[in-house]
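Undergrad: First, the structure itself, so that you have it in front of you.
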Amino acid sequence: MAEKRLLGTKILMVIAQDQFRDEELAEPRKIFLDEGAEVVVASTAAGVAKGMLGARCQPDAQVCDVNPAHYDAIVIVGGMGSPTYLWENTTVHRLLQQMDKDEKVVAGICLSGAVLAKAGVLKNKEATVWPCTESLAALAEGEARYLKKPVVFDGRTVTAVGPEAAHDFGQTIVEKLATKLTRTK
């Protein structure tokens, strides 16, 4: 049996309360769990969150109750609900800013790359996002350098274009966390 590279690691995944992208939560989450990480899913409200493709997820926490010191990484899940629930959410922005300041892994997939940009954690970094006028504008305003690639990593920051990149996105986050863990041993 393969070694679980993320034993002792705690990952916070943030989803929109409605219209999160199902596989952008499910695929990375499975990868993290398979590698031994503890995964906590948070949203902006306490009720059951609904995915774009019909998934239902009962969040473990609300973002307003999350202490960033308890996590090694934050992953912002995309989907059509991201602009409505996450793009301008100052609590999510503060979590991203604190975790970036604490040199933890920060990540966003699909439209949620814009959340990282709006939080200011992509300044002078390469990043990708689901390309639409608004998300590309958010990256530009956040002073990120947009790359048209499935997955982009710049230091401890990981972004991905959308559901087709969910698996590679999850694997890249694992690599960043495993490398960081190896350096601290």
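Chains: A, B, ... in order of the structure tokens. Residues: from 1 per chain. Ligands: from 1, in order shown.
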Tell me, as JSON, numbers by chain, which residues lie within 9 Å of Met99 of chain A, counting only C-alpha atoms; anything in the same chain fewer than 2 positions away does not count.

TA: {"A": [68, 69, 71, 72, 73, 74, 94, 95, 96, 97, 101, 102, 103, 104, 105, 106]}

Undergrad: With N, CA and C atoms retained, export the selected residues as a PDB file, in the first residue's frame.

TA:
ATOM      1  N   PRO A  68      -8.175  30.174  10.454  1.00  0.00           N
ATOM      2  CA  PRO A  68      -7.182  29.767   9.448  1.00  0.00           C
ATOM      3  C   PRO A  68      -5.942  29.103  10.041  1.00  0.00           C
ATOM      4  N   ALA A  69      -5.669  29.344  11.304  1.00  0.00           N
ATOM      5  CA  ALA A  69      -4.499  28.733  11.945  1.00  0.00           C
ATOM      6  C   ALA A  69      -4.621  27.216  12.035  1.00  0.00           C
ATOM      7  N   TYR A  71      -5.503  25.166   9.639  1.00  0.00           N
ATOM      8  CA  TYR A  71      -5.435  24.528   8.318  1.00  0.00           C
ATOM      9  C   TYR A  71      -4.076  24.729   7.661  1.00  0.00           C
ATOM     10  N   ASP A  72      -3.728  23.765   6.814  1.00  0.00           N
ATOM     11  CA  ASP A  72      -2.492  23.822   6.043  1.00  0.00           C
ATOM     12  C   ASP A  72      -2.719  24.347   4.637  1.00  0.00           C
ATOM     13  N   ALA A  73      -3.977  24.328   4.184  1.00  0.00           N
ATOM     14  CA  ALA A  73      -4.315  24.781   2.830  1.00  0.00           C
ATOM     15  C   ALA A  73      -5.772  25.210   2.791  1.00  0.00           C
ATOM     16  N   ILE A  74      -6.064  26.113   1.863  1.00  0.00           N
ATOM     17  CA  ILE A  74      -7.437  26.512   1.577  1.00  0.00           C
ATOM     18  C   ILE A  74      -7.661  26.342   0.081  1.00  0.00           C
ATOM     19  N   ARG A  94     -10.475  37.393   3.830  1.00  0.00           N
ATOM     20  CA  ARG A  94      -9.603  37.436   5.016  1.00  0.00           C
ATOM     21  C   ARG A  94      -8.941  36.075   5.264  1.00  0.00           C
ATOM     22  N   LEU A  95      -9.694  34.991   5.069  1.00  0.00           N
ATOM     23  CA  LEU A  95      -9.106  33.652   5.224  1.00  0.00           C
ATOM     24  C   LEU A  95      -7.954  33.452   4.238  1.00  0.00           C
ATOM     25  N   LEU A  96      -8.205  33.802   2.985  1.00  0.00           N
ATOM     26  CA  LEU A  96      -7.163  33.664   1.956  1.00  0.00           C
ATOM     27  C   LEU A  96      -5.941  34.518   2.287  1.00  0.00           C
ATOM     28  N   GLN A  97      -6.178  35.758   2.676  1.00  0.00           N
ATOM     29  CA  GLN A  97      -5.070  36.670   2.992  1.00  0.00           C
ATOM     30  C   GLN A  97      -4.242  36.158   4.164  1.00  0.00           C
ATOM     31  N   LYS A 101      -0.434  34.895   4.011  1.00  0.00           N
ATOM     32  CA  LYS A 101       0.552  35.535   4.890  1.00  0.00           C
ATOM     33  C   LYS A 101       1.297  34.491   5.717  1.00  0.00           C
ATOM     34  N   ASP A 102       0.577  33.453   6.150  1.00  0.00           N
ATOM     35  CA  ASP A 102       1.168  32.382   6.956  1.00  0.00           C
ATOM     36  C   ASP A 102       1.902  31.338   6.107  1.00  0.00           C
ATOM     37  N   GLU A 103       2.038  31.621   4.816  1.00  0.00           N
ATOM     38  CA  GLU A 103       2.765  30.758   3.874  1.00  0.00           C
ATOM     39  C   GLU A 103       2.168  29.368   3.746  1.00  0.00           C
ATOM     40  N   LYS A 104       0.827  29.322   3.720  1.00  0.00           N
ATOM     41  CA  LYS A 104       0.116  28.070   3.499  1.00  0.00           C
ATOM     42  C   LYS A 104      -0.290  27.984   2.030  1.00  0.00           C
ATOM     43  N   VAL A 105      -0.719  26.819   1.598  1.00  0.00           N
ATOM     44  CA  VAL A 105      -1.150  26.642   0.214  1.00  0.00           C
ATOM     45  C   VAL A 105      -2.528  27.281   0.042  1.00  0.00           C
ATOM     46  N   VAL A 106      -2.658  28.139  -0.976  1.00  0.00           N
ATOM     47  CA  VAL A 106      -3.949  28.735  -1.325  1.00  0.00           C
ATOM     48  C   VAL A 106      -4.262  28.338  -2.759  1.00  0.00           C
TER      49      VAL A 106
END

Undergrad: For segment 9-14 of chain A, find every residue with an atom within 8 Å (counting only C-alpha atoms), except residues of its own chain fewer than 4 positions away, and show them as a CSV table (one decimal) with C-alpha atoms, in the first residue's frame.

TA:
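Dumped to out-v3.csv:
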chain,number,residue,atom,x,y,z
A,25,LEU,CA,-15.3,19.5,-4.9
A,36,GLY,CA,-4.5,10.9,4.4
A,37,ALA,CA,-5.5,14.6,4.8
A,38,GLU,CA,-8.4,15.7,7.0
A,39,VAL,CA,-10.8,17.7,4.8
A,40,VAL,CA,-13.3,20.3,6.2
A,41,VAL,CA,-15.9,21.8,3.8
A,42,ALA,CA,-17.1,25.3,4.6
A,43,SER,CA,-19.7,27.5,3.0
A,63,VAL,CA,-16.6,30.4,6.8
A,70,HIS,CA,-6.1,25.2,12.0
A,71,TYR,CA,-5.4,24.5,8.3
A,72,ASP,CA,-2.5,23.8,6.0
A,73,ALA,CA,-4.3,24.8,2.8
A,74,ILE,CA,-7.4,26.5,1.6
A,75,VAL,CA,-9.1,25.4,-1.7
A,76,ILE,CA,-11.9,27.6,-3.2
A,77,VAL,CA,-14.2,25.4,-5.3

Undergrad: Using only C-alpha atoms, which residue out of A:His93, A:Lys148, A:Lys30, A:Arg5 lies closest to Ala114 of chain A?

TA: A:His93

Undergrad: Residues of segment 53-110 of chain A in alpha helix (DSSP H) according to DSSP, as a ChimeraX atom specification?

TA: /A:82-85,90-101

Undergrad: Which residues of segment 69-160 of chain A sit at most 8 Å from segment 44-52 of chain A, using only C-alpha atoms? Give each one's shortest atom pair and distance in Å (one decimal place), in chain and ascending residue order, as a Markdown table.

TA:
| residue | atom | partner | partner_atom | distance |
| --- | --- | --- | --- | --- |
| A:Gly79 | CA | A:Met52 | CA | 7.1 |
| A:Met80 | CA | A:Met52 | CA | 7.5 |
| A:Tyr85 | CA | A:Thr44 | CA | 7.2 |

Undergrad: Select, from A:Val115, A:Ala144, A:Ala166, A:Ala178, the residue with the minimum atom-to-atom distance to Arg21 of chain A, counting only C-alpha atoms.

TA: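 Using only C-alpha atoms, the shortest distance to Arg21 of chain A belongs to A:Ala166.
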
Undergrad: Identify, on the basis of only C-alpha atoms, every residue whose closest approach to Leu53 of chain A does not exceed 10 Å; exclude the query and any residue fewer than 3 positions from it along the same chain; express the result as a count of residues only.

TA: 7

Undergrad: Might you pull out every residue within 8 Å of Ile31 of chain A, with only C-alpha atoms counted and same-chain residues fewer than 2 positions away left off, and present them as a VMD selection string?

TA: chain A and resid 27 to 29 33 to 35 167 170 to 171 174

Undergrad: Under the rule that only C-alpha atoms are counted, which of A:Thr133, A:Asn67, A:Asn124, A:Thr159 is the nearest residue to Ser112 of chain A?

TA: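 Between A:Thr133, A:Asn67, A:Asn124, A:Thr159, the residue approaching Ser112 of chain A most closely is A:Thr159.
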
Undergrad: Which polymer residues have any atom within 9 Å of an atom of Val158 of chain A, counting only C-alpha atoms, with same-chain residues fewer than 5 positions away left out, as a PDB file with N, CA and C atoms, in the first residue's frame?

TA:
ATOM      1  N   VAL A  75      -8.773  25.700  -0.266  1.00  0.00           N
ATOM      2  CA  VAL A  75      -9.120  25.414  -1.658  1.00  0.00           C
ATOM      3  C   VAL A  75     -10.509  25.990  -1.910  1.00  0.00           C
ATOM      4  N   VAL A 105      -0.719  26.819   1.598  1.00  0.00           N
ATOM      5  CA  VAL A 105      -1.150  26.642   0.214  1.00  0.00           C
ATOM      6  C   VAL A 105      -2.528  27.281   0.042  1.00  0.00           C
ATOM      7  N   VAL A 106      -2.658  28.139  -0.976  1.00  0.00           N
ATOM      8  CA  VAL A 106      -3.949  28.735  -1.325  1.00  0.00           C
ATOM      9  C   VAL A 106      -4.262  28.338  -2.759  1.00  0.00           C
ATOM     10  N   ALA A 107      -5.518  27.948  -3.005  1.00  0.00           N
ATOM     11  CA  ALA A 107      -5.872  27.415  -4.317  1.00  0.00           C
ATOM     12  C   ALA A 107      -7.303  27.778  -4.691  1.00  0.00           C
ATOM     13  N   GLY A 108      -7.541  27.915  -5.987  1.00  0.00           N
ATOM     14  CA  GLY A 108      -8.877  28.176  -6.508  1.00  0.00           C
ATOM     15  C   GLY A 108      -9.017  27.567  -7.884  1.00  0.00           C
ATOM     16  N   ILE A 109     -10.200  27.045  -8.164  1.00  0.00           N
ATOM     17  CA  ILE A 109     -10.460  26.400  -9.446  1.00  0.00           C
ATOM     18  C   ILE A 109     -11.665  27.056 -10.117  1.00  0.00           C
ATOM     19  N   GLY A 113     -10.880  31.221  -9.184  1.00  0.00           N
ATOM     20  CA  GLY A 113      -9.587  31.895  -9.291  1.00  0.00           C
ATOM     21  C   GLY A 113      -9.772  33.393  -9.081  1.00  0.00           C
ATOM     22  N   ALA A 127      -1.487  32.811 -12.941  1.00  0.00           N
ATOM     23  CA  ALA A 127      -2.711  32.129 -12.520  1.00  0.00           C
ATOM     24  C   ALA A 127      -3.577  31.838 -13.734  1.00  0.00           C
ATOM     25  N   THR A 128      -4.541  30.948 -13.534  1.00  0.00           N
ATOM     26  CA  THR A 128      -5.543  30.694 -14.552  1.00  0.00           C
ATOM     27  C   THR A 128      -6.914  30.747 -13.903  1.00  0.00           C
ATOM     28  N   VAL A 151      -3.778  23.918 -15.354  1.00  0.00           N
ATOM     29  CA  VAL A 151      -3.394  24.126 -13.957  1.00  0.00           C
ATOM     30  C   VAL A 151      -2.144  24.994 -13.944  1.00  0.00           C
ATOM     31  N   VAL A 152      -2.143  25.987 -13.065  1.00  0.00           N
ATOM     32  CA  VAL A 152      -0.992  26.877 -12.928  1.00  0.00           C
ATOM     33  C   VAL A 152      -0.620  26.932 -11.454  1.00  0.00           C
ATOM     34  N   PHE A 153       0.680  26.793 -11.165  1.00  0.00           N
ATOM     35  CA  PHE A 153       1.128  26.999  -9.792  1.00  0.00           C
ATOM     36  C   PHE A 153       2.252  28.007  -9.795  1.00  0.00           C
ATOM     37  N   PHE A 169      -5.588  19.396 -10.639  1.00  0.00           N
ATOM     38  CA  PHE A 169      -5.605  20.442  -9.618  1.00  0.00           C
ATOM     39  C   PHE A 169      -5.390  19.803  -8.234  1.00  0.00           C
ATOM     40  N   THR A 172      -1.828  18.487  -7.903  1.00  0.00           N
ATOM     41  CA  THR A 172      -0.845  19.562  -7.756  1.00  0.00           C
ATOM     42  C   THR A 172      -0.846  20.088  -6.323  1.00  0.00           C
ATOM     43  N   ILE A 173      -2.015  20.221  -5.726  1.00  0.00           N
ATOM     44  CA  ILE A 173      -2.104  20.670  -4.329  1.00  0.00           C
ATOM     45  C   ILE A 173      -1.426  19.653  -3.415  1.00  0.00           C
ATOM     46  N   LYS A 176       2.302  20.145  -3.638  1.00  0.00           N
ATOM     47  CA  LYS A 176       2.743  21.341  -2.913  1.00  0.00           C
ATOM     48  C   LYS A 176       2.768  21.070  -1.405  1.00  0.00           C
TER      49      LYS A 176
END
